[in-house]
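> Supplied structure: work28.txt, compact mmCIF, C-alpha atoms.
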# COMPACT_ATOMS: atom_id res chain seq x y z
CA MET T 13 86.59 58.11 86.67
CA LYS T 14 86.89 61.81 87.41
CA ALA T 15 83.22 61.97 88.39
CA LYS T 16 83.65 59.18 90.93
CA LEU T 17 86.75 60.79 92.40
CA LEU T 18 85.00 64.16 92.60
CA LEU T 19 81.99 62.55 94.28
CA LEU T 20 84.26 60.78 96.78
CA VAL T 21 86.07 64.02 97.65
CA ALA T 22 82.75 65.88 98.03
CA ILE T 23 81.40 63.19 100.35
CA PHE T 24 84.60 63.25 102.39
CA PHE T 25 84.44 67.02 102.93
CA THR T 26 80.73 67.05 103.80
CA SER T 27 80.77 64.05 106.11
CA GLN T 28 81.64 63.80 109.79
CA ILE T 29 84.88 62.00 108.90
CA GLY T 30 86.39 65.31 107.75
CA GLU T 31 85.67 66.86 111.15
CA ALA T 32 87.06 63.90 113.06
CA ILE T 33 90.52 64.26 111.54
CA ALA T 34 90.66 68.05 111.84
CA CYS T 35 93.41 69.67 113.89
CA ALA T 36 92.70 71.74 117.00
CA VAL T 37 92.71 75.02 115.05
CA CYS T 38 90.36 73.78 112.33
CA PHE T 39 88.10 72.01 114.77
CA GLY T 40 87.87 75.08 116.99
CA ALA T 41 89.10 73.72 120.31
CA LYS T 42 88.98 76.68 122.71
CA ASP T 43 91.49 75.19 125.14
CA ALA T 44 94.22 74.71 122.55
CA LYS T 45 97.27 76.96 122.81
CA SER T 46 97.31 77.51 119.05
CA SER T 47 93.72 78.84 119.13
CA GLN T 48 94.67 81.36 121.82
CA ASN T 49 97.74 82.43 119.84
CA MET T 50 95.60 82.80 116.73
CA ALA T 51 93.18 85.07 118.62
CA ILE T 52 96.08 87.26 119.78
CA ALA T 53 97.44 87.40 116.22
CA ILE T 54 94.05 88.52 114.91
CA TRP T 55 93.87 91.37 117.45
CA VAL T 56 97.42 92.45 116.59
CA MET T 57 96.55 92.49 112.88
CA ILE T 58 93.43 94.56 113.58
CA GLY T 59 95.52 97.00 115.62
CA VAL T 60 98.15 97.35 112.91
CA ILE T 61 95.58 97.84 110.17
CA MET T 62 93.60 100.40 112.19
CA SER T 63 96.75 102.36 113.05
CA VAL T 64 97.77 102.51 109.37
CA LEU T 65 94.27 103.58 108.34
CA GLY T 66 94.26 106.16 111.12
CA GLY T 67 97.55 107.56 109.86
CA VAL T 68 96.22 107.80 106.30
CA GLY T 69 93.09 109.53 107.59
CA ALA T 70 95.08 111.98 109.73
CA PHE T 71 97.35 112.84 106.80
CA SER T 72 94.32 113.34 104.54
CA LEU T 73 92.78 115.66 107.12
CA HIS T 74 96.08 117.57 107.37
CA LEU T 75 96.20 118.01 103.58
CA TRP T 76 92.55 119.08 103.44
CA ARG T 77 93.01 121.70 106.16
CA HIS T 78 96.14 123.16 104.57
CA ALA T 79 94.55 123.23 101.11
CA ASN T 80 91.91 125.69 102.38
CA THR T 81 94.30 128.13 104.04
CA PRO T 82 94.93 131.48 102.32
CA LEU T 83 98.23 132.05 100.57
CA GLU T 84 101.04 134.00 102.17
CA PRO T 85 101.56 137.51 100.75
CA HIS T 86 104.83 136.59 99.02
CA GLN T 87 103.14 133.59 97.36
CA GLN T 88 100.26 135.74 96.11
CA LEU T 89 102.72 137.93 94.22
CA THR T 90 104.37 134.99 92.47
CA GLU T 91 101.06 133.42 91.45
CA GLU T 92 99.58 136.65 90.10
CA ASP T 93 97.95 136.63 86.69
CA LEU T 94 100.49 138.21 84.34
CA GLN T 95 98.44 137.92 81.12
CA GLY T 96 97.68 141.66 81.07
CA TYR T 97 101.37 142.62 80.91
CA GLU T 98 102.21 140.80 77.70
Starting from the coordinates I provided, produce the structure as structure tokens.


Amino acid sequence: MKAKLLLLVAIFFTSQIGEAIACAVCFGAKDAKSSQNMAIAIWVMIGVIMSVLGGVGAFSLHLWRHANTPLEPHQQLTEEDLQGYE
């Protein structure tokens, strides 16, 4: 019974009947308002993701640049090796 049901579902999804009952978004109608809204939503998502990734990259660059700067004179005194004085 399960094999017949599985075969029927597979035939339904691979046949033209599945495309005939598809909505405008699934079918890919270019004139549909929902398809245009979906395209705008995709571009907004790409913009948001790229701005977040750009911020992470800029912060990483900031940390990398400041990690290679020499220490201030007052910081060099506090981080001095004091093993020889013990």

> How far is it from CA of Gly66 (chain T) to CA of Ala51 (chain T), in Å with one decimal?

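We find that CA of Gly66 (chain T) and CA of Ala51 (chain T) lie 22.4 Å from each other.
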
> Could you jot down the CA of Met62 (chain T) to CA of His74 (chain T) separation for me, Å, one decimal place?

18.0 Å

> What does the structure give for the distance between CA of Gly59 (chain T) and CA of Ala44 (chain T), in Å to one decimal?

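CA of Ala44 (chain T) lies 23.4 Å from CA of Gly59 (chain T).
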